[in-house]
Amino acid sequence: MIKSLEKLRLEALAELEQVSELKELESWRVRCTGKKSKLTQALRSLASLPLDERRKIGSLANEIKVDLELRMDEKKKFLEEEHMASFLKQEGLDITLPGKLMPTGRLHPVTQALDEICSIFTRMGFQIAEGPDVEWDYYNFEALNIPPEHPARDMFATFWVDSKETGESARLLRTHTSPMQIRIMEKEQPPIRVLVPGRTYRYEATDATHESMFYQVEGLAIDTNITMADLKGTLFEFCHCLFGEERKVRFRCDYFPFVEPGVEVAVECLNCHGKGCRLCGYSGWLEILGAGMVHPNVLKRVAIDPEKYTGFAFGMGVERIPMLCYGIDDIRLFYNNDIRFLKQF
Amino acid sequence: MYASLKWLGDYVDIIPKHHELADKLTMAGMEVKAIQTIGSNWNDVVVGHVTAVTPHPNADKLHLVTVNLGSQQITVVCGAPNIRVGQKVPFAKTGAKLIDGHTGKIALLKPARIRGILSEGMVCSEKELGISENHDNILVLSSEAPIGMPLDDYMGDVIFDLDVTPNRPDCLSMIGIAREIAALTGKPLHLPQICYEEAEKAISQFISVDIIEPVLCPRYCASLITGVKVAPSPGWLQQYLRSYGMRPINNVVDISNYVMLEYGQPLHTFDYHKLNDKQIIIRRAKDGEIIVSLDEIKRTLTQNNLIIVDMKKPVAIAGLMGGFDTGVTSTTTAILVESANFNRGAIRRSAEQLNLQSEASIRFGKGLNPDLPPIALKRATQLLLQLTGGKAAEGIIDIYPGKTAPHAILLSSKEVKRLSGLKVNINEILRILNTLGFECQKTDSVPAGISVLAPYWRSDIKCAADLAEEVIRIIGYDKIPITRLSASLPPQKFTPQRSLKQKLRNTLIGWGFQEILTYSLTSLEKLQKLSSKSKLRIDPLQIANPMTKKQEYLRTTLRAGLLTAMANNQKHEETGIRLFEIGKIFLPQHSTAIRKNQNLETGEKELPQEKEMLCIAFGGSQGDLSWRDDRKSFDFFDAKGVVEGLLKQLGLVSVFEPCDDEGLLLGKSANVILDGDKAGVVGNLHPRVAQAFELSDTICLIEMDLDKLMSKTNMAKRYQPIPQFPSITRDIALVIDRQVAFQQVENIIQGFPLVKKATLFDVYTGKQIPEGKKSFAIRIIYQSAKRTLTEKQIDKIQQQMLNKLHRELGTTLRD
Ligand SMILES: [Zn+2]
């Protein structure tokens, strides 16, 4: 009897091994552990056995039954997983199909550059102010120490609204953001620390490096005890923020009529790292900013005592920065507004 | 300004490391933009003497040229038409590296058989030597060139291309640059020794000068030389002029140019015998007066032109160009040399008006010092005597009505420190200023200070800051310490306008709109295209000197730029395009209000009002071409949704009213009303406008006034408690006359208590709805902040609502 039970177990397990679908599993269960199975019949026939044997065989038959049921559960789990996997294999997605793109717009690269510049200087305590694009000759030139017929006017080819013979009350398109220096100092007393982003205009034929309209950012700081060393520190820090800590920065003498002493700030060429290439005109340096100490004549004009106060001013072209950073070789691309260009930034 | 280092070497020792010198000049304010080396690769090129020229036996246009090189004679084949016996020429031996005249590349010169004759070497053109593009003729050297001398030794040079800033007209001269180099390198300066013998007859017996306009001509000097023989200049002089890019003409003209380049003072030479009545006058031209200038152009003058006249006619346009009739020619024997000072403004006006820029006008226009004319005059006279064999009349004419007293500037070590942050000892300051030619004296009027007189050539120096710059630029800007601003921080202010712009920009890019920036200047044509009507609503401000017709007027709207960009992009984009710009428009103002700035006189003119606007244009399909998207086109309600969304971002709610904007389509456009105030428009672009801009698809346009948005935006937001009690939802379907606007229905519904929200979720006309009617399906959500609502309460409210809708708008419930 024991032998035949063990045999039943082995046969049942062998059959279970062969089961490969859930449907078959059910018929296996009926066949091997169901009411009509040999195992159940064997249990039923126990009654005719002596008590001693009945107990022994009974417990073995039960053990076999529990064992088979356990094995069946395992098999069932296995088959279900297999079924799911094969289902998913058939019904799953082609995940290489393109996703549904959320709409993406971009800020104009000049806006991005302006934001970046403004954020660096606002961290240094500069206030942002904006001024008019159409200016009086007075603010654009006269008050900035550039009287009529001053040779420095050659530096600023101008779009005039009124004939320039009108003098200081001629209207023009500002050639730089510097007129705001005057407008701010007329209204405010030191300490002053402002940053002026804005559009500027030059009467120039356009080509890859010249535009008749471009953006500038102007900076102005006035107080007692402001020196060129502060100017150097401020602009070096700015250049390092924008072009990296390692970038070499050069501070050299230059001329702008509304500052004295005057400064030009250049950074090591981003393209050739100072070796000299076409981008930097083989000098190894890229001019970034014009700057200097506010000219005493300018301070006197706005009734700030140049004996008591000093200050610095700086200005920079904005387009030049993305041009250098991204290797853009034509300034006109900025205002052609081709989205194939704009989408790249 | 081109500066030959060889020439500069006449006045100061030039350090052999040219790049180091260039760096020093650049750092000190005179940028060296480019360095050109002439002759550094002229190995095996020497000065040769042409001793024979015979025709080539096998070719008409070629010659056999025999050249004496000192140690040997070589016969080579030469095709240049200008080769002559007796010339000194650059001769390249085989093995020389020359520029190939045809390819422009460097090539090694090899022996060659040309039409059957062996040619070992070559007579060179300027192009082959890399000096210029001239390849038609061979370069003819001066007759003094030593035979056999390596060409590099004879005429090799290094040329600096200097960017001279407008404040330094003194550096538009070799001596000016040499002074800078001397100060920067610590080498001594050697100026020309000027002395010459004069004849007995005084200059006053030859000529008299009268200045009518002393303000415009503060000084006029002249010398007179007789017995002049006009001839070609010697080689050194020709070479110096060439190094600057000037063509040598004859000894008289070349000397006047040479002295201009040497000292920076333009000179003019008259043929003395062609001047009428030994008298010259400096005055303004009369309107319509005529002169034929040296370039043989007949020029009509006005009062803006300062001129030099003799007793009969104009003989020169002051500071610009001499007259043709009185110019020096090969037959001239007596010359009057003019060295004058003219007012820079007068020269600038004159040059601009005649559109005549010359080396002279550039220098005068920057402002020269009246102390310079006699010095340059004497230098020119000395050279003229040496090189033309003439005799100088005794003395010079020197009329100087504009003499001004020198002005001393006080400077202290403290002031240098106050501006530069660099501590410089007063003795060091003194030393530096001395090397630059300043006269300094210690003074007690400032502590540890000096009193400084600028040298005559530095008219740009006017105040202590100017002197401080001189001191630190010679020390080097790289020596200035680096510090952080330690000055007190001004009060930081809130800038709401900036925040508003940032918010709008960020919201729009998040919705897939691309920011663009378009020109402030536009054309009348474009502005006219924007309107379906013929007359412009706002007259734009015109530019007096536009560059092109396309950019002649200041924009009064952002629409033109945006629609142009839209049309340009439509040419290559296949999906919908969404663009926006935030920028200024310029609205002319004609008020005569008194300006705030007292420095300006009150006038008719005003600056235009500069108004910041947001303009959005979009059109085409909503989604990209994709396997999933429906490709529905944008329509009016997308545009309205953009406005509503933006306003929601700002916490604003608007009302939309029909509008009659001339650029938009009537019936498909609306005014955006905030608090009863028009803040913008939204709508479909008028097809006529779309056509004028060559736009395809329906274009949605939005225009918002940022000031209006700004003023309506409420910064003070209040928290609303989240509802605690459940809401009840009811859907109703109303049938209503087609003319009734949804807004009217909504207003009534929203007017009832406990209505939390009413959402229109279907609009239907067609089957089952009678002709002339439409159906609105509306979901109404009722909610109380205080209690749970009962169905009964809602039934009651809803019945009242339906009654009112029926009574006022004639609605019925749809079955
Ligand atoms: Zn480079």
# chains A, B, ... in the order shown; residues from 1 in each chain; ligands from 1
>>> closest_atom_pairs(of="chain A", to="ligand 1", cutoff="8 Å", atoms="only C-alpha atoms and all ligand atoms", output="JSON lines")
{"residue": "A:Glu268", "atom": "CA", "partner": "ligand 1", "partner_atom_place_in_ligand_line": "1 (Zn)", "distance": 7.7}
{"residue": "A:Cys269", "atom": "CA", "partner": "ligand 1", "partner_atom_place_in_ligand_line": "1 (Zn)", "distance": 4.5}
{"residue": "A:Leu270", "atom": "CA", "partner": "ligand 1", "partner_atom_place_in_ligand_line": "1 (Zn)", "distance": 6.6}
{"residue": "A:Asn271", "atom": "CA", "partner": "ligand 1", "partner_atom_place_in_ligand_line": "1 (Zn)", "distance": 5.0}
{"residue": "A:Cys272", "atom": "CA", "partner": "ligand 1", "partner_atom_place_in_ligand_line": "1 (Zn)", "distance": 4.1}
{"residue": "A:His273", "atom": "CA", "partner": "ligand 1", "partner_atom_place_in_ligand_line": "1 (Zn)", "distance": 6.3}
{"residue": "A:Gly274", "atom": "CA", "partner": "ligand 1", "partner_atom_place_in_ligand_line": "1 (Zn)", "distance": 5.8}
{"residue": "A:Lys275", "atom": "CA", "partner": "ligand 1", "partner_atom_place_in_ligand_line": "1 (Zn)", "distance": 6.2}
{"residue": "A:Gly276", "atom": "CA", "partner": "ligand 1", "partner_atom_place_in_ligand_line": "1 (Zn)", "distance": 4.3}
{"residue": "A:Cys277", "atom": "CA", "partner": "ligand 1", "partner_atom_place_in_ligand_line": "1 (Zn)", "distance": 3.9}
{"residue": "A:Arg278", "atom": "CA", "partner": "ligand 1", "partner_atom_place_in_ligand_line": "1 (Zn)", "distance": 6.1}
{"residue": "A:Leu279", "atom": "CA", "partner": "ligand 1", "partner_atom_place_in_ligand_line": "1 (Zn)", "distance": 5.1}
{"residue": "A:Cys280", "atom": "CA", "partner": "ligand 1", "partner_atom_place_in_ligand_line": "1 (Zn)", "distance": 4.2}
{"residue": "A:Gly281", "atom": "CA", "partner": "ligand 1", "partner_atom_place_in_ligand_line": "1 (Zn)", "distance": 6.9}
{"residue": "A:Tyr282", "atom": "CA", "partner": "ligand 1", "partner_atom_place_in_ligand_line": "1 (Zn)", "distance": 6.0}
{"residue": "A:Ser283", "atom": "CA", "partner": "ligand 1", "partner_atom_place_in_ligand_line": "1 (Zn)", "distance": 6.8}
{"residue": "A:Gly284", "atom": "CA", "partner": "ligand 1", "partner_atom_place_in_ligand_line": "1 (Zn)", "distance": 4.7}
{"residue": "A:Trp285", "atom": "CA", "partner": "ligand 1", "partner_atom_place_in_ligand_line": "1 (Zn)", "distance": 6.6}
{"residue": "A:Leu286", "atom": "CA", "partner": "ligand 1", "partner_atom_place_in_ligand_line": "1 (Zn)", "distance": 7.6}
>>> write_last_selection(atoms="all heavy atoms", output="CSV table (one decimal), in the first residue's frame")
chain,number,residue,atom,x,y,z
A,268,GLU,N,40.4,86.2,-22.5
A,268,GLU,CA,41.2,85.3,-23.4
A,268,GLU,C,40.2,84.6,-24.4
A,268,GLU,O,39.1,84.2,-24.0
A,268,GLU,CB,41.7,84.2,-22.4
A,268,GLU,CG,42.7,83.2,-23.0
A,268,GLU,CD,43.0,82.2,-21.9
A,268,GLU,OE1,42.1,81.6,-21.3
A,268,GLU,OE2,44.2,81.9,-21.7
A,269,CYS,N,40.7,84.5,-25.6
A,269,CYS,CA,39.8,84.1,-26.7
A,269,CYS,C,39.2,82.7,-26.4
A,269,CYS,O,39.9,81.8,-26.0
A,269,CYS,CB,40.6,84.0,-28.0
A,269,CYS,SG,39.7,83.4,-29.4
A,270,LEU,N,37.9,82.6,-26.5
A,270,LEU,CA,37.2,81.3,-26.2
A,270,LEU,C,37.5,80.3,-27.2
A,270,LEU,O,37.3,79.1,-27.0
A,270,LEU,CB,35.7,81.6,-26.2
A,270,LEU,CG,35.1,82.7,-25.3
A,270,LEU,CD1,33.6,82.7,-25.4
A,270,LEU,CD2,35.5,82.5,-23.9
A,271,ASN,N,38.0,80.7,-28.4
A,271,ASN,CA,38.2,79.7,-29.5
A,271,ASN,C,39.6,79.2,-29.4
A,271,ASN,O,39.8,78.0,-29.6
A,271,ASN,CB,37.9,80.5,-30.8
A,271,ASN,CG,37.9,79.6,-32.0
A,271,ASN,OD1,37.4,78.5,-31.9
A,271,ASN,ND2,38.6,80.0,-33.0
A,272,CYS,N,40.6,80.1,-29.3
A,272,CYS,CA,42.0,79.6,-29.4
A,272,CYS,C,42.7,79.6,-28.1
A,272,CYS,O,43.9,79.3,-28.0
A,272,CYS,CB,42.7,80.5,-30.4
A,272,CYS,SG,42.9,82.2,-29.8
A,273,HIS,N,42.0,80.1,-27.0
A,273,HIS,CA,42.6,80.2,-25.7
A,273,HIS,C,43.9,81.0,-25.7
A,273,HIS,O,44.9,80.6,-25.0
A,273,HIS,CB,42.8,78.8,-25.1
A,273,HIS,CG,41.6,78.0,-25.0
A,273,HIS,ND1,40.7,78.1,-24.0
A,273,HIS,CD2,41.1,77.1,-25.9
A,273,HIS,CE1,39.6,77.3,-24.3
A,273,HIS,NE2,39.8,76.7,-25.4
A,274,GLY,N,43.8,82.1,-26.4
A,274,GLY,CA,45.0,83.0,-26.3
A,274,GLY,C,46.1,82.8,-27.3
A,274,GLY,O,47.0,83.6,-27.4
A,275,LYS,N,45.9,81.8,-28.1
A,275,LYS,CA,47.0,81.5,-29.1
A,275,LYS,C,46.9,82.4,-30.3
A,275,LYS,O,47.9,82.7,-31.0
A,275,LYS,CB,47.0,80.1,-29.6
A,275,LYS,CG,47.5,79.1,-28.5
A,275,LYS,CD,47.7,77.8,-29.2
A,275,LYS,CE,47.1,76.5,-28.6
A,275,LYS,NZ,46.0,76.6,-27.7
A,276,GLY,N,45.7,82.9,-30.6
A,276,GLY,CA,45.5,83.8,-31.7
A,276,GLY,C,44.8,83.0,-32.8
A,276,GLY,O,45.3,82.0,-33.3
A,277,CYS,N,43.7,83.6,-33.3
A,277,CYS,CA,42.9,82.9,-34.4
A,277,CYS,C,42.1,84.0,-35.1
A,277,CYS,O,42.2,85.2,-34.7
A,277,CYS,CB,42.0,81.8,-33.8
A,277,CYS,SG,40.6,82.5,-32.8
A,278,ARG,N,41.3,83.6,-36.1
A,278,ARG,CA,40.6,84.6,-36.8
A,278,ARG,C,39.6,85.3,-35.9
A,278,ARG,O,39.4,86.5,-36.1
A,278,ARG,CB,39.8,83.9,-38.0
A,278,ARG,CG,40.2,84.5,-39.3
A,278,ARG,CD,39.4,83.9,-40.4
A,278,ARG,NE,38.0,84.3,-40.3
A,278,ARG,CZ,37.1,84.1,-41.2
A,278,ARG,NH1,37.3,83.3,-42.2
A,278,ARG,NH2,35.8,84.5,-41.0
A,279,LEU,N,38.9,84.6,-35.0
A,279,LEU,CA,37.9,85.1,-34.2
A,279,LEU,C,38.4,86.3,-33.4
A,279,LEU,O,37.7,87.3,-33.3
A,279,LEU,CB,37.3,84.1,-33.2
A,279,LEU,CG,36.2,84.5,-32.2
A,279,LEU,CD1,34.9,84.9,-33.0
A,279,LEU,CD2,36.0,83.5,-31.2
A,280,CYS,N,39.6,86.2,-32.9
A,280,CYS,CA,40.2,87.3,-32.0
A,280,CYS,C,41.1,88.2,-32.8
A,280,CYS,O,41.8,89.0,-32.2
A,280,CYS,CB,40.9,86.7,-30.8
A,280,CYS,SG,42.2,85.5,-31.2
A,281,GLY,N,41.1,88.1,-34.1
A,281,GLY,CA,42.0,88.9,-34.9
A,281,GLY,C,43.4,88.6,-34.6
A,281,GLY,O,44.3,89.5,-34.6
A,282,TYR,N,43.7,87.4,-34.3
A,282,TYR,CA,45.1,86.9,-34.0
A,282,TYR,C,45.7,87.6,-32.8
A,282,TYR,O,46.9,87.7,-32.6
A,282,TYR,CB,46.0,87.0,-35.2
A,282,TYR,CG,45.4,86.2,-36.3
A,282,TYR,CD1,44.6,86.8,-37.3
A,282,TYR,CD2,45.6,84.9,-36.4
A,282,TYR,CE1,44.0,86.1,-38.3
A,282,TYR,CE2,45.0,84.1,-37.4
A,282,TYR,CZ,44.2,84.7,-38.3
A,282,TYR,OH,43.6,84.0,-39.3
A,283,SER,N,44.9,88.2,-31.9
A,283,SER,CA,45.4,88.9,-30.7
A,283,SER,C,45.3,88.0,-29.5
A,283,SER,O,46.0,88.2,-28.5
A,283,SER,CB,44.6,90.1,-30.4
A,283,SER,OG,43.3,89.8,-30.0
A,284,GLY,N,44.5,86.9,-29.5
A,284,GLY,CA,44.3,86.1,-28.4
A,284,GLY,C,43.3,86.6,-27.4
A,284,GLY,O,43.0,86.0,-26.4
A,285,TRP,N,42.8,87.8,-27.6
A,285,TRP,CA,41.9,88.5,-26.7
A,285,TRP,C,40.6,88.9,-27.4
A,285,TRP,O,40.6,89.3,-28.5
A,285,TRP,CB,42.5,89.7,-26.1
A,285,TRP,CG,43.7,89.4,-25.3
A,285,TRP,CD1,45.0,89.5,-25.7
A,285,TRP,CD2,43.7,89.0,-23.9
A,285,TRP,NE1,45.8,89.2,-24.6
A,285,TRP,CE2,45.1,88.8,-23.5
A,285,TRP,CE3,42.7,88.7,-23.0
A,285,TRP,CZ2,45.5,88.4,-22.3
A,285,TRP,CZ3,43.1,88.3,-21.7
A,285,TRP,CH2,44.5,88.1,-21.4
A,286,LEU,N,39.5,88.8,-26.6
A,286,LEU,CA,38.2,89.2,-27.1
A,286,LEU,C,37.7,90.4,-26.3
A,286,LEU,O,37.6,90.2,-25.1
A,286,LEU,CB,37.2,88.1,-27.1
A,286,LEU,CG,37.5,86.9,-27.9
A,286,LEU,CD1,36.6,85.7,-27.5
A,286,LEU,CD2,37.4,87.2,-29.4
>>> interface_residues(of="chain A", to="chain B", cutoff="7 Å", atoms="only C-alpha atoms", output="ChimeraX atom specification")
/A:103-108,125,127,132,134-135,149,151-152,159-163,169,191-193,203,223,225-230,232-234,251-255,260-261,335,337-339
>>> atom_distance(atom1="CA of Ile99 (chain B)", atom2="CA of Ala80 (chain B)")
16.2 Å
>>> select_by_dssp(residues="region 131-290 of chain A", states="alpha helix (DSSP H)", output="list in words")
Asp137, Tyr138, Tyr139, Asn140, Pro179, Met180, Gln181, Ile182, Arg183, Ile184, Met185, Glu186, Lys187, Met228, Ala229, Asp230, Leu231, Lys232, Gly233, Thr234, Leu235, Phe236, Glu237, Phe238, Cys239, His240, Cys241, Leu242 and Phe243 of chain A
>>> atom_distance(atom1="CA of Lys127 (chain B)", atom2="CA of Lys61 (chain B)")
20.0 Å
>>> atom_distance(atom1="CA of Val85 (chain B)", atom2="CA of Met122 (chain B)")
15.5 Å
>>> residues_around(residues="Leu289 (chain A)", least_positions_apart="2", cutoff="6 Å", atoms="only C-alpha atoms", output="PyMOL selection string")
chain A and resi 264-265+315-316
>>> write_last_selection(atoms="all heavy atoms", output="compact mmCIF listing (two decimals), in the first residue's frame")
# COMPACT_ATOMS: atom_id res chain seq x y z
N GLU A 264 39.45 99.18 -21.23
CA GLU A 264 38.81 98.14 -22.03
C GLU A 264 39.07 96.81 -21.34
O GLU A 264 40.18 96.55 -20.88
CB GLU A 264 39.39 98.11 -23.43
CG GLU A 264 38.80 97.01 -24.28
CD GLU A 264 39.81 96.41 -25.23
OE1 GLU A 264 40.53 95.47 -24.83
OE2 GLU A 264 39.92 96.91 -26.35
N VAL A 265 38.01 95.98 -21.24
CA VAL A 265 38.18 94.67 -20.62
C VAL A 265 38.04 93.60 -21.71
O VAL A 265 37.07 93.61 -22.47
CB VAL A 265 37.14 94.44 -19.51
CG1 VAL A 265 37.32 93.05 -18.90
CG2 VAL A 265 37.29 95.50 -18.44
N GLY A 315 30.09 99.46 -19.97
CA GLY A 315 29.07 99.12 -20.95
C GLY A 315 29.53 97.95 -21.78
O GLY A 315 30.74 97.76 -21.99
N MET A 316 28.57 97.16 -22.21
CA MET A 316 28.96 96.01 -23.04
C MET A 316 27.88 95.71 -24.06
O MET A 316 26.70 95.98 -23.83
CB MET A 316 29.20 94.78 -22.16
CG MET A 316 27.94 94.13 -21.69
SD MET A 316 28.28 92.82 -20.51
CE MET A 316 28.09 93.72 -19.00
>>> residues_around(residues="Thr175 (chain A)", least_positions_apart="5", cutoff="7 Å", atoms="only C-alpha atoms", output="number ranges by chain")
A: 156, 158, 200-202
>>> select_by_dssp(residues="region 501-590 of chain B", states="strand (DSSP E or B)", output="number ranges by chain")
B: 514-515, 521-522, 542, 553-554, 577-587
>>> closest_residue(among="B:Glu338, B:Asp677, B:Glu525, B:Glu213", to="Thr269 (chain B)", atoms="only C-alpha atoms")
B:Glu338
>>> closest_residue(among="A:His210, A:Arg320, A:Arg29, A:Arg340", to="Ala113 (chain A)", atoms="only C-alpha atoms")
A:Arg320
>>> residues_around(residues="Arg219 (chain B)", least_positions_apart="2", cutoff="9 Å", atoms="only C-alpha atoms", output="list in words")
Ile211, Pro214, Cys217, Cys221, Ser339, Ala340, Asn341, Phe342, Pro370, Asp371, Pro373, Asp398, Ile399, Tyr400, Pro401, Gly402 and Lys403 of chain B
>>> residues_around(residues="region 431-442 of chain B", least_positions_apart="6", cutoff="8 Å", atoms="only C-alpha atoms", output="ChimeraX atom specification")
/B:179-180,182-183,448-455,470-471,474
>>> closest_residue(among="A:Ile2, A:Met213, A:Leu16, A:Leu114", to="Thr522 (chain B)", atoms="only C-alpha atoms")
A:Met213
>>> residues_around(residues="Ile249 (chain B)", least_positions_apart="5", cutoff="9 Å", atoms="only C-alpha atoms", output="PyMOL selection string")
chain B and resi 231-233+238+254
>>> decode(residues="region 724-798 of chain B", atoms="C-alpha atoms", output="short mmCIF file (atom, residue, chain, number, x, y, z; two decimals), in the first residue's frame")
data_model
loop_
_atom_site.label_atom_id
_atom_site.label_comp_id
_atom_site.auth_asym_id
_atom_site.auth_seq_id
_atom_site.Cartn_x
_atom_site.Cartn_y
_atom_site.Cartn_z
CA GLN B 724 -15.30 71.70 3.54
CA PHE B 725 -18.75 70.61 2.37
CA PRO B 726 -19.68 68.47 -0.63
CA SER B 727 -20.89 70.02 -3.84
CA ILE B 728 -23.87 69.11 -5.98
CA THR B 729 -23.60 68.93 -9.75
CA ARG B 730 -26.45 69.55 -12.17
CA ASP B 731 -26.33 69.53 -15.96
CA ILE B 732 -28.86 71.57 -17.92
CA ALA B 733 -29.43 71.92 -21.65
CA LEU B 734 -30.93 75.23 -22.73
CA VAL B 735 -32.44 76.10 -26.08
CA ILE B 736 -32.07 79.75 -26.89
CA ASP B 737 -32.07 82.26 -29.73
CA ARG B 738 -28.85 82.21 -31.72
CA GLN B 739 -28.16 85.92 -31.18
CA VAL B 740 -28.03 85.58 -27.43
CA ALA B 741 -24.43 85.59 -26.18
CA PHE B 742 -23.26 82.97 -23.74
CA GLN B 743 -22.05 85.77 -21.51
CA GLN B 744 -25.69 86.82 -20.89
CA VAL B 745 -26.63 83.30 -19.86
CA GLU B 746 -23.57 82.97 -17.69
CA ASN B 747 -24.21 86.29 -15.97
CA ILE B 748 -27.68 85.15 -14.92
CA ILE B 749 -26.49 81.77 -13.69
CA GLN B 750 -23.56 83.26 -11.79
CA GLY B 751 -25.93 85.74 -10.20
CA PHE B 752 -27.58 83.00 -8.14
CA PRO B 753 -26.39 82.12 -4.64
CA LEU B 754 -24.44 78.93 -4.03
CA VAL B 755 -23.40 78.65 -7.71
CA LYS B 756 -19.74 77.75 -7.45
CA LYS B 757 -19.01 77.21 -11.08
CA ALA B 758 -20.85 77.04 -14.41
CA THR B 759 -19.10 75.28 -17.27
CA LEU B 760 -20.31 75.33 -20.85
CA PHE B 761 -19.58 71.87 -22.24
CA ASP B 762 -21.51 71.79 -25.48
CA VAL B 763 -22.84 74.20 -28.05
CA TYR B 764 -25.16 72.64 -30.61
CA THR B 765 -27.24 73.68 -33.57
CA GLY B 766 -28.83 71.35 -36.06
CA LYS B 767 -31.22 68.45 -35.88
CA GLN B 768 -33.72 68.56 -33.05
CA ILE B 769 -33.11 72.25 -32.51
CA PRO B 770 -35.51 74.67 -34.15
CA GLU B 771 -34.29 77.04 -36.88
CA GLY B 772 -32.66 80.20 -35.44
CA LYS B 773 -31.97 78.56 -32.11
CA LYS B 774 -29.02 76.92 -30.46
CA SER B 775 -28.49 74.72 -27.47
CA PHE B 776 -26.09 75.25 -24.59
CA ALA B 777 -25.21 72.35 -22.30
CA ILE B 778 -24.03 73.69 -18.99
CA ARG B 779 -22.72 71.95 -15.91
CA ILE B 780 -23.47 73.85 -12.74
CA ILE B 781 -21.74 73.10 -9.47
CA TYR B 782 -23.44 74.24 -6.28
CA GLN B 783 -21.55 74.47 -3.08
CA SER B 784 -21.83 76.18 0.26
CA ALA B 785 -18.96 77.17 2.51
CA LYS B 786 -21.17 76.65 5.57
CA ARG B 787 -23.20 73.49 5.21
CA THR B 788 -24.02 70.40 3.19
CA LEU B 789 -26.63 71.26 0.59
CA THR B 790 -29.77 69.23 0.08
CA GLU B 791 -31.22 68.25 -3.29
CA LYS B 792 -34.36 70.10 -2.35
CA GLN B 793 -32.53 73.38 -1.83
CA ILE B 794 -30.85 73.00 -5.19
CA ASP B 795 -34.08 72.13 -6.95
CA LYS B 796 -35.53 75.36 -5.68
CA ILE B 797 -32.61 77.52 -6.76
CA GLN B 798 -32.38 75.84 -10.12
#
